[in-house]
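See below for structure_2.txt, which holds compact mmCIF, N, CA and C atoms and all ligand atoms.
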# COMPACT_ATOMS: atom_id res chain seq x y z
N MET A 5 203.67 85.99 22.18
CA MET A 5 203.00 87.05 21.43
C MET A 5 201.58 87.25 21.98
N LYS A 6 201.21 88.51 22.17
CA LYS A 6 199.89 88.82 22.72
C LYS A 6 198.82 88.72 21.63
N ILE A 7 197.57 88.59 22.08
CA ILE A 7 196.45 88.47 21.14
C ILE A 7 196.40 89.68 20.22
N PHE A 8 196.61 90.86 20.81
CA PHE A 8 196.59 92.10 20.02
C PHE A 8 197.58 92.03 18.87
N ASP A 9 198.76 91.47 19.13
CA ASP A 9 199.80 91.35 18.09
C ASP A 9 199.37 90.37 17.00
N ARG A 10 198.72 89.30 17.40
CA ARG A 10 198.23 88.32 16.40
C ARG A 10 197.16 88.96 15.51
N ILE A 11 196.27 89.73 16.14
CA ILE A 11 195.22 90.41 15.38
C ILE A 11 195.85 91.42 14.41
N TYR A 12 196.88 92.10 14.87
CA TYR A 12 197.60 93.06 14.02
C TYR A 12 198.15 92.35 12.77
N LEU A 13 198.73 91.16 12.97
CA LEU A 13 199.29 90.41 11.83
C LEU A 13 198.19 90.02 10.83
N VAL A 14 197.02 89.62 11.36
CA VAL A 14 195.90 89.25 10.47
C VAL A 14 195.43 90.48 9.71
N LYS A 15 195.18 91.56 10.44
CA LYS A 15 194.65 92.80 9.82
C LYS A 15 195.57 93.37 8.76
N ASN A 16 196.86 93.24 8.97
CA ASN A 16 197.82 93.86 8.07
C ASN A 16 198.44 92.86 7.09
N ASN A 17 197.78 91.71 6.97
CA ASN A 17 198.20 90.70 6.02
C ASN A 17 199.68 90.32 6.20
N LYS A 18 200.07 90.16 7.47
CA LYS A 18 201.48 89.87 7.75
C LYS A 18 201.66 88.49 8.39
N LEU A 19 200.68 87.62 8.20
CA LEU A 19 200.84 86.27 8.75
C LEU A 19 201.96 85.56 8.00
N PRO A 20 202.65 84.66 8.68
CA PRO A 20 203.69 83.90 7.99
C PRO A 20 203.09 83.10 6.83
N PRO A 21 203.87 82.87 5.75
CA PRO A 21 203.35 82.20 4.55
C PRO A 21 202.67 80.86 4.81
N ASP A 22 203.22 80.06 5.71
CA ASP A 22 202.61 78.74 5.97
C ASP A 22 201.19 78.88 6.54
N ILE A 23 200.98 79.88 7.40
CA ILE A 23 199.65 80.08 7.99
C ILE A 23 198.70 80.69 6.95
N LYS A 24 199.22 81.62 6.14
CA LYS A 24 198.41 82.23 5.06
C LYS A 24 197.90 81.16 4.10
N LYS A 25 198.77 80.21 3.80
CA LYS A 25 198.42 79.13 2.87
C LYS A 25 197.23 78.33 3.41
N ILE A 26 197.26 78.02 4.69
CA ILE A 26 196.16 77.27 5.31
C ILE A 26 194.89 78.13 5.32
N GLN A 27 195.06 79.41 5.63
CA GLN A 27 193.91 80.33 5.66
C GLN A 27 193.18 80.32 4.31
N LYS A 28 193.97 80.34 3.22
CA LYS A 28 193.35 80.34 1.88
C LYS A 28 192.57 79.06 1.62
N THR A 29 193.12 77.93 2.04
CA THR A 29 192.43 76.65 1.78
C THR A 29 191.15 76.56 2.61
N LEU A 30 191.12 77.24 3.76
CA LEU A 30 189.94 77.19 4.64
C LEU A 30 188.89 78.22 4.24
N ASN A 31 189.27 79.15 3.37
CA ASN A 31 188.35 80.21 2.97
C ASN A 31 187.78 80.94 4.20
N PHE A 32 188.70 81.30 5.08
CA PHE A 32 188.38 81.88 6.37
C PHE A 32 188.42 83.41 6.26
N PRO A 33 187.26 84.09 6.28
CA PRO A 33 187.28 85.55 6.15
C PRO A 33 188.04 86.22 7.30
N GLU A 34 188.71 87.32 6.95
CA GLU A 34 189.56 88.01 7.93
C GLU A 34 188.81 88.43 9.19
N ASP A 35 187.57 88.95 9.02
CA ASP A 35 186.85 89.41 10.20
C ASP A 35 186.52 88.24 11.15
N GLN A 36 186.28 87.06 10.57
CA GLN A 36 186.02 85.89 11.43
C GLN A 36 187.29 85.44 12.16
N ILE A 37 188.43 85.54 11.48
CA ILE A 37 189.70 85.16 12.13
C ILE A 37 189.96 86.07 13.31
N ILE A 38 189.75 87.37 13.09
CA ILE A 38 190.00 88.34 14.16
C ILE A 38 189.10 88.04 15.37
N VAL A 39 187.83 87.80 15.11
CA VAL A 39 186.90 87.49 16.20
C VAL A 39 187.32 86.20 16.91
N ALA A 40 187.69 85.19 16.12
CA ALA A 40 188.04 83.89 16.70
C ALA A 40 189.33 83.95 17.51
N VAL A 41 190.34 84.66 16.99
CA VAL A 41 191.61 84.78 17.71
C VAL A 41 191.39 85.53 19.02
N ARG A 42 190.66 86.63 18.94
CA ARG A 42 190.38 87.42 20.14
C ARG A 42 189.70 86.57 21.22
N ALA A 43 188.82 85.65 20.77
CA ALA A 43 188.08 84.80 21.70
C ALA A 43 188.83 83.51 22.03
N LEU A 44 190.03 83.36 21.47
CA LEU A 44 190.82 82.13 21.66
C LEU A 44 190.04 80.88 21.21
N PHE A 45 189.21 81.06 20.19
CA PHE A 45 188.42 79.98 19.57
C PHE A 45 187.43 79.34 20.55
N CYS A 46 187.00 80.12 21.54
CA CYS A 46 186.03 79.63 22.52
C CYS A 46 184.78 80.54 22.47
N CYS A 47 183.64 79.97 22.79
CA CYS A 47 182.41 80.75 22.88
C CYS A 47 182.62 81.83 23.95
N GLU A 48 182.32 83.08 23.60
CA GLU A 48 182.55 84.17 24.54
C GLU A 48 181.49 84.23 25.64
N TYR A 49 180.47 83.42 25.54
CA TYR A 49 179.42 83.43 26.56
C TYR A 49 179.56 82.25 27.53
N CYS A 50 179.87 81.06 27.03
CA CYS A 50 179.95 79.90 27.93
C CYS A 50 181.35 79.30 28.02
N GLY A 51 182.25 79.75 27.17
CA GLY A 51 183.62 79.27 27.24
C GLY A 51 183.90 77.97 26.49
N LYS A 52 182.88 77.43 25.82
CA LYS A 52 183.06 76.18 25.08
C LYS A 52 184.15 76.32 24.02
N ASN A 53 185.08 75.37 23.98
CA ASN A 53 186.12 75.35 22.96
C ASN A 53 185.50 74.89 21.64
N LEU A 54 185.46 75.76 20.65
CA LEU A 54 184.76 75.45 19.40
C LEU A 54 185.59 74.59 18.45
N LEU A 55 186.80 74.24 18.87
CA LEU A 55 187.63 73.36 18.04
C LEU A 55 187.76 71.97 18.67
N GLN A 56 187.04 71.73 19.74
CA GLN A 56 187.20 70.47 20.49
C GLN A 56 186.70 69.24 19.75
N SER A 57 185.62 69.38 18.99
CA SER A 57 185.04 68.23 18.30
C SER A 57 184.26 68.73 17.08
N VAL A 58 183.83 67.81 16.25
CA VAL A 58 183.00 68.20 15.10
C VAL A 58 181.72 68.87 15.59
N ASP A 59 181.13 68.34 16.67
CA ASP A 59 179.91 68.94 17.22
C ASP A 59 180.14 70.38 17.64
N SER A 60 181.23 70.62 18.35
CA SER A 60 181.47 71.99 18.82
C SER A 60 181.85 72.89 17.64
N TYR A 61 182.60 72.36 16.67
CA TYR A 61 182.96 73.16 15.49
C TYR A 61 181.70 73.52 14.68
N ASP A 62 180.78 72.58 14.58
CA ASP A 62 179.52 72.83 13.87
C ASP A 62 178.68 73.89 14.58
N SER A 63 178.97 74.09 15.85
CA SER A 63 178.22 75.03 16.66
C SER A 63 178.74 76.47 16.50
N TRP A 64 179.81 76.64 15.75
CA TRP A 64 180.50 77.93 15.55
C TRP A 64 179.57 78.96 14.92
N GLN A 65 179.37 80.10 15.62
CA GLN A 65 178.59 81.19 15.05
C GLN A 65 179.20 82.53 15.44
N ILE A 66 178.93 83.53 14.63
CA ILE A 66 179.37 84.89 14.95
C ILE A 66 178.12 85.65 15.40
N ASP A 67 178.17 86.15 16.63
CA ASP A 67 177.02 86.86 17.20
C ASP A 67 177.24 88.37 17.11
N HIS A 68 176.16 89.09 16.86
CA HIS A 68 176.19 90.55 16.98
C HIS A 68 175.83 90.86 18.44
N ILE A 69 176.78 91.35 19.19
CA ILE A 69 176.56 91.55 20.63
C ILE A 69 175.34 92.44 20.85
N VAL A 70 175.37 93.64 20.27
CA VAL A 70 174.18 94.50 20.25
C VAL A 70 173.50 94.22 18.90
N PRO A 71 172.27 93.74 18.95
CA PRO A 71 171.64 93.29 17.69
C PRO A 71 171.15 94.44 16.81
N ASP A 72 172.10 95.29 16.40
CA ASP A 72 171.75 96.44 15.56
C ASP A 72 172.27 96.29 14.14
N GLY A 73 172.79 95.09 13.83
CA GLY A 73 173.26 94.83 12.48
C GLY A 73 174.68 95.30 12.20
N SER A 74 175.31 95.94 13.19
CA SER A 74 176.67 96.45 12.98
C SER A 74 177.66 95.30 12.84
N ARG A 75 178.47 95.33 11.75
CA ARG A 75 179.49 94.31 11.51
C ARG A 75 180.85 94.78 12.02
N ASP A 76 180.84 95.86 12.79
CA ASP A 76 182.08 96.32 13.41
C ASP A 76 182.61 95.19 14.29
N PRO A 77 183.90 94.82 14.13
CA PRO A 77 184.45 93.71 14.93
C PRO A 77 184.23 93.88 16.44
N GLU A 78 184.15 95.13 16.90
CA GLU A 78 183.88 95.38 18.32
C GLU A 78 182.50 94.88 18.73
N ASN A 79 181.61 94.77 17.75
CA ASN A 79 180.25 94.32 18.04
C ASN A 79 180.04 92.84 17.74
N LEU A 80 181.13 92.16 17.36
CA LEU A 80 180.99 90.74 17.03
C LEU A 80 181.59 89.89 18.13
N ALA A 81 180.97 88.75 18.38
CA ALA A 81 181.49 87.82 19.39
C ALA A 81 181.42 86.41 18.83
N LEU A 82 182.42 85.61 19.15
CA LEU A 82 182.37 84.20 18.79
C LEU A 82 181.42 83.52 19.78
N SER A 83 180.50 82.74 19.24
CA SER A 83 179.48 82.14 20.10
C SER A 83 179.19 80.71 19.65
N CYS A 84 178.84 79.87 20.60
CA CYS A 84 178.34 78.55 20.22
C CYS A 84 176.86 78.73 19.83
N LYS A 85 176.35 77.75 19.10
CA LYS A 85 174.98 77.82 18.61
C LYS A 85 173.98 77.94 19.77
N THR A 86 174.23 77.21 20.84
CA THR A 86 173.31 77.20 21.98
C THR A 86 173.22 78.58 22.62
N CYS A 87 174.36 79.22 22.83
CA CYS A 87 174.36 80.56 23.44
C CYS A 87 173.75 81.58 22.49
N ASN A 88 174.10 81.47 21.20
CA ASN A 88 173.55 82.43 20.24
C ASN A 88 172.03 82.29 20.17
N PHE A 89 171.55 81.06 20.22
CA PHE A 89 170.11 80.81 20.19
C PHE A 89 169.46 81.37 21.47
N ALA A 90 170.11 81.15 22.60
CA ALA A 90 169.57 81.65 23.88
C ALA A 90 169.51 83.18 23.89
N LYS A 91 170.44 83.81 23.19
CA LYS A 91 170.53 85.28 23.20
C LYS A 91 169.65 85.94 22.15
N ARG A 92 169.03 85.15 21.29
CA ARG A 92 168.43 85.71 20.07
C ARG A 92 167.35 86.77 20.26
N HIS A 93 166.63 86.79 21.37
CA HIS A 93 165.60 87.82 21.53
C HIS A 93 166.05 88.98 22.41
N THR A 94 167.36 89.05 22.64
CA THR A 94 167.89 90.16 23.42
C THR A 94 167.71 91.46 22.63
N THR A 95 167.23 92.49 23.31
CA THR A 95 166.97 93.75 22.60
C THR A 95 168.16 94.70 22.71
N ILE A 96 168.18 95.66 21.82
CA ILE A 96 169.24 96.66 21.83
C ILE A 96 169.26 97.38 23.18
N SER A 97 168.06 97.68 23.71
CA SER A 97 168.01 98.45 24.96
C SER A 97 168.56 97.66 26.16
N GLU A 98 168.54 96.32 26.10
CA GLU A 98 169.11 95.53 27.20
C GLU A 98 170.63 95.68 27.28
N LEU A 99 171.25 96.09 26.18
CA LEU A 99 172.71 96.19 26.15
C LEU A 99 173.23 97.61 25.93
N SER A 100 172.32 98.54 25.65
CA SER A 100 172.78 99.88 25.26
C SER A 100 173.28 100.73 26.42
N ASN A 101 172.98 100.32 27.66
CA ASN A 101 173.48 101.10 28.80
C ASN A 101 174.95 100.85 29.09
N TYR A 102 175.53 99.90 28.38
CA TYR A 102 176.93 99.55 28.65
C TYR A 102 177.79 100.11 27.54
N SER A 103 178.90 100.75 27.91
CA SER A 103 179.68 101.43 26.88
C SER A 103 180.80 100.58 26.29
N SER A 104 181.54 99.88 27.14
CA SER A 104 182.67 99.13 26.59
C SER A 104 182.23 97.75 26.09
N ARG A 105 183.03 97.18 25.20
CA ARG A 105 182.75 95.84 24.69
C ARG A 105 182.71 94.83 25.84
N ASN A 106 183.66 94.94 26.76
CA ASN A 106 183.71 93.99 27.88
C ASN A 106 182.44 94.06 28.73
N GLU A 107 181.95 95.27 28.97
CA GLU A 107 180.71 95.41 29.75
C GLU A 107 179.52 94.81 29.01
N LYS A 108 179.47 95.03 27.70
CA LYS A 108 178.37 94.47 26.89
C LYS A 108 178.43 92.95 26.87
N ILE A 109 179.64 92.42 26.71
CA ILE A 109 179.82 90.96 26.71
C ILE A 109 179.38 90.40 28.06
N GLU A 110 179.78 91.07 29.14
CA GLU A 110 179.43 90.59 30.49
C GLU A 110 177.91 90.58 30.68
N GLN A 111 177.25 91.64 30.22
CA GLN A 111 175.79 91.71 30.34
C GLN A 111 175.14 90.62 29.48
N ALA A 112 175.63 90.45 28.26
CA ALA A 112 175.08 89.42 27.36
C ALA A 112 175.28 88.03 27.98
N ARG A 113 176.44 87.84 28.62
CA ARG A 113 176.73 86.56 29.29
C ARG A 113 175.69 86.26 30.38
N GLN A 114 175.35 87.31 31.14
CA GLN A 114 174.33 87.17 32.19
C GLN A 114 172.99 86.74 31.60
N ILE A 115 172.60 87.42 30.53
CA ILE A 115 171.32 87.13 29.87
C ILE A 115 171.33 85.69 29.37
N VAL A 116 172.42 85.29 28.70
CA VAL A 116 172.53 83.93 28.16
C VAL A 116 172.46 82.90 29.29
N TRP A 117 173.18 83.18 30.39
CA TRP A 117 173.20 82.20 31.49
C TRP A 117 171.82 82.03 32.14
N GLU A 118 171.10 83.13 32.28
CA GLU A 118 169.74 83.02 32.83
C GLU A 118 168.87 82.13 31.95
N ARG A 119 168.97 82.34 30.65
CA ARG A 119 168.16 81.55 29.71
C ARG A 119 168.63 80.11 29.63
N ARG A 120 169.95 79.92 29.69
CA ARG A 120 170.48 78.54 29.67
C ARG A 120 170.08 77.79 30.94
N THR A 121 170.04 78.49 32.06
CA THR A 121 169.64 77.86 33.32
C THR A 121 168.20 77.37 33.24
N LYS A 122 167.31 78.16 32.64
CA LYS A 122 165.92 77.74 32.45
C LYS A 122 165.86 76.49 31.59
N LYS A 123 166.71 76.45 30.54
CA LYS A 123 166.75 75.27 29.67
C LYS A 123 167.26 74.05 30.44
N GLU A 124 168.26 74.25 31.30
CA GLU A 124 168.82 73.16 32.11
C GLU A 124 167.73 72.55 33.00
N ILE A 125 166.92 73.43 33.60
CA ILE A 125 165.85 72.96 34.48
C ILE A 125 164.84 72.15 33.68
N ASN A 126 164.49 72.66 32.50
CA ASN A 126 163.56 71.94 31.64
C ASN A 126 164.14 70.60 31.21
N LEU A 127 165.44 70.59 30.89
CA LEU A 127 166.10 69.35 30.48
C LEU A 127 166.06 68.32 31.61
N MET A 128 166.25 68.75 32.83
CA MET A 128 166.19 67.82 33.97
C MET A 128 164.80 67.18 34.07
N LYS A 129 163.77 67.99 33.84
CA LYS A 129 162.39 67.47 33.88
C LYS A 129 162.17 66.46 32.75
N VAL A 130 162.67 66.77 31.56
CA VAL A 130 162.51 65.86 30.41
C VAL A 130 163.27 64.55 30.67
N ARG A 131 164.48 64.65 31.26
CA ARG A 131 165.25 63.44 31.59
C ARG A 131 164.48 62.55 32.56
N GLU A 132 163.90 63.18 33.58
CA GLU A 132 163.15 62.41 34.56
C GLU A 132 161.93 61.75 33.89
N PHE A 133 161.24 62.51 33.05
CA PHE A 133 160.10 62.00 32.31
C PHE A 133 160.52 60.80 31.45
N ALA A 134 161.64 60.95 30.72
CA ALA A 134 162.13 59.88 29.84
C ALA A 134 162.52 58.66 30.67
N ARG A 135 163.20 58.90 31.81
CA ARG A 135 163.62 57.79 32.67
C ARG A 135 162.41 56.98 33.13
N LEU A 136 161.39 57.69 33.57
CA LEU A 136 160.18 57.01 34.05
C LEU A 136 159.48 56.28 32.91
N LEU A 137 159.42 56.94 31.76
CA LEU A 137 158.75 56.37 30.60
C LEU A 137 159.45 55.09 30.13
N LEU A 138 160.78 55.11 30.13
CA LEU A 138 161.55 53.97 29.62
C LEU A 138 161.59 52.79 30.59
N LYS A 139 161.34 53.05 31.86
CA LYS A 139 161.34 51.93 32.80
C LYS A 139 159.93 51.36 33.02
N LEU A 140 158.95 51.99 32.38
CA LEU A 140 157.58 51.49 32.47
C LEU A 140 157.50 50.04 31.99
N ASP A 141 156.76 49.23 32.70
CA ASP A 141 156.45 47.89 32.17
C ASP A 141 155.00 47.57 32.51
N TYR A 142 154.57 46.42 32.11
CA TYR A 142 153.15 46.09 32.30
C TYR A 142 152.73 46.08 33.76
N LYS A 143 153.68 45.71 34.63
CA LYS A 143 153.35 45.63 36.06
C LYS A 143 153.00 46.99 36.64
N SER A 144 153.65 48.05 36.13
CA SER A 144 153.42 49.36 36.72
C SER A 144 152.23 50.10 36.09
N THR A 145 151.61 49.54 35.08
CA THR A 145 150.46 50.22 34.47
C THR A 145 149.14 49.62 34.97
ZN ZN A 201 178.29 79.08 24.35
Using the file provided, produce a representation of the structure as structure tokens.
Ligand SMILES: [Zn+2]
Amino acid sequence: MKIFDRIYLVKNNKLPPDIKKIQKTLNFPEDQIIVAVRALFCCEYCGKNLLQSVDSYDSWQIDHIVPDGSRDPENLALSCKTCNFAKRHTTISELSNYSSRNEKIEQARQIVWERRTKKEINLMKVREFARLLLKLDYKST
């Protein structure tokens, strides 16, 4: 079954009873299910599987691709907390030149990766600083 067909079943309340029963116990809103199924439960920016661990599940967020407040499912993306945080100052004009959802997602992915790369570089510096700090002893001071 294709993703489109699964989304159709969710939208039209036609999920099999056993799955519906679980959905009710999870209190999972329909719009979030649609976004999650479409994204195969992975962050749409970095590909992280959001069901892999408690840490990744806790990182689950719904991002507004174009930050204009639209709750249209076309404007929503499943995102990990790190990517959503990296994307948070993206302006409407940075994404408004792109018409399709795929183009907007691709552009947002670029923006997120540039910002994540800067964080990676900073993290490497902090690691080196911590490594040096933790191996300090009286002889080296
Ligand atoms: Zn991510």
For the contact check between chain A and ligand ZN 201 (chain A), emit one row per residue of chain A within 5 Å, containing the shortest atom pair and the distance in Å rounded to one decimal, counting only N, CA and C atoms and all ligand atoms, chain then rising number order, as a tab-separated table.
residue	atom	partner	partner_atom	distance
A:Cys47	CA	A:ZN201	ZN	4.7
A:Tyr49	C	A:ZN201	ZN	4.7
A:Cys50	N	A:ZN201	ZN	3.7
A:Gly51	N	A:ZN201	ZN	4.9
A:Cys84	N	A:ZN201	ZN	3.9
A:Cys87	N	A:ZN201	ZN	4.2
Could you save those same residues with N, CA and C atoms as a CSV table (one decimal), in the coordinates of the input?
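In the end it all went to part-v8.csv:
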chain,number,residue,atom,x,y,z
A,47,CYS,N,183.6,80.0,22.8
A,47,CYS,CA,182.4,80.8,22.9
A,47,CYS,C,182.6,81.8,24.0
A,49,TYR,N,180.5,83.4,25.5
A,49,TYR,CA,179.4,83.4,26.6
A,49,TYR,C,179.6,82.2,27.5
A,50,CYS,N,179.9,81.1,27.0
A,50,CYS,CA,180.0,79.9,27.9
A,50,CYS,C,181.4,79.3,28.0
A,51,GLY,N,182.2,79.8,27.2
A,51,GLY,CA,183.6,79.3,27.2
A,51,GLY,C,183.9,78.0,26.5
A,84,CYS,N,178.8,79.9,20.6
A,84,CYS,CA,178.3,78.6,20.2
A,84,CYS,C,176.9,78.7,19.8
A,87,CYS,N,174.4,79.2,22.8
A,87,CYS,CA,174.4,80.6,23.4
A,87,CYS,C,173.8,81.6,22.5
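For the pair atom CA of A:Pro71 and atom CA of A:Ile96, the interatomic distance is 5.9 Å.
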Check: Could you pull out all residues of stretch 36-129 of chain A with a DSSP call of strand (DSSP E or B) and give them as a count of residues only?
Finding: 12
Margin query: I'd like the neighbourhood of A:Ile38 as a list of chain:residue names, where a residue qualifies if any of its atoms comes within 9 Å (using only C-alpha atoms), though same-chain residues fewer than 2 positions away should be ignored.
Written below: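 With the cut-off at 9 Å, the set is A:Arg10, A:Ile11, A:Tyr12, A:Val14, A:Lys15, A:Pro33, A:Glu34, A:Asp35, A:Gln36, A:Ala40, A:Val41, A:Arg42, A:Ala43, A:Pro77.
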Next item on the list: Just the residues within 7 Å of stretch 110-113 of chain A, please, counting all atoms listed in the file, with nothing from its chain fewer than 3 positions along; format it as a PyMOL selection string.
Entry: chain A and resi 48-50+99+105-107+116-118
Next item on the list: Using only C-alpha atoms, find the one residue out of A:Arg120, A:Lys143, A:Lys108, A:Lys52 that sits nearest to A:Ser83.
Entry: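 Ranking A:Arg120, A:Lys143, A:Lys108, A:Lys52 by distance to A:Ser83, first place goes to A:Lys52.
In this model, the gap between atom N of A:Ser100 and atom C of A:Val70 comes to 8.1 Å.
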Let me know the centre plus edge lengths, in Å and rounded to one decimal, of a box with edges along x, y and z that contains all listed atoms of stretch 115-127 of chain A and is padded by 4 Å on every side, as lines of an AutoDock Vina configuration file.
center_x = 168.4
center_y = 77.9
center_z = 31.3
size_x = 17.6
size_y = 27.1
size_z = 14.3
Note to self: Between atom N of A:Asn101 and atom C of A:Gln65, what distance in Å does the model show, to one decimal?
What the structure shows: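 Calculated distance between atom N of A:Asn101 and atom C of A:Gln65 is 22.5 Å.
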Checklist line | Those of chain A in DSSP alpha helix (DSSP H), formatted as a PyMOL selection string | finding: chain A and resi 7-15+21-30+34-42+58-62+85-91+96-99+105-139
Notebook entry, point to check: Hey, which of A:Thr94, A:Asn17, A:Asn53, A:Thr86 ends up closest to A:Ile69? Count only C-alpha atoms.
Noted result: A:Thr94
Checklist line | Using only C-alpha atoms: which of A:Lys18, A:Glu78, A:Leu137, A:Val58 has the shortest distance to A:Ser103 | finding: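 Nearest candidate to A:Ser103 out of A:Lys18, A:Glu78, A:Leu137, A:Val58: A:Glu78.
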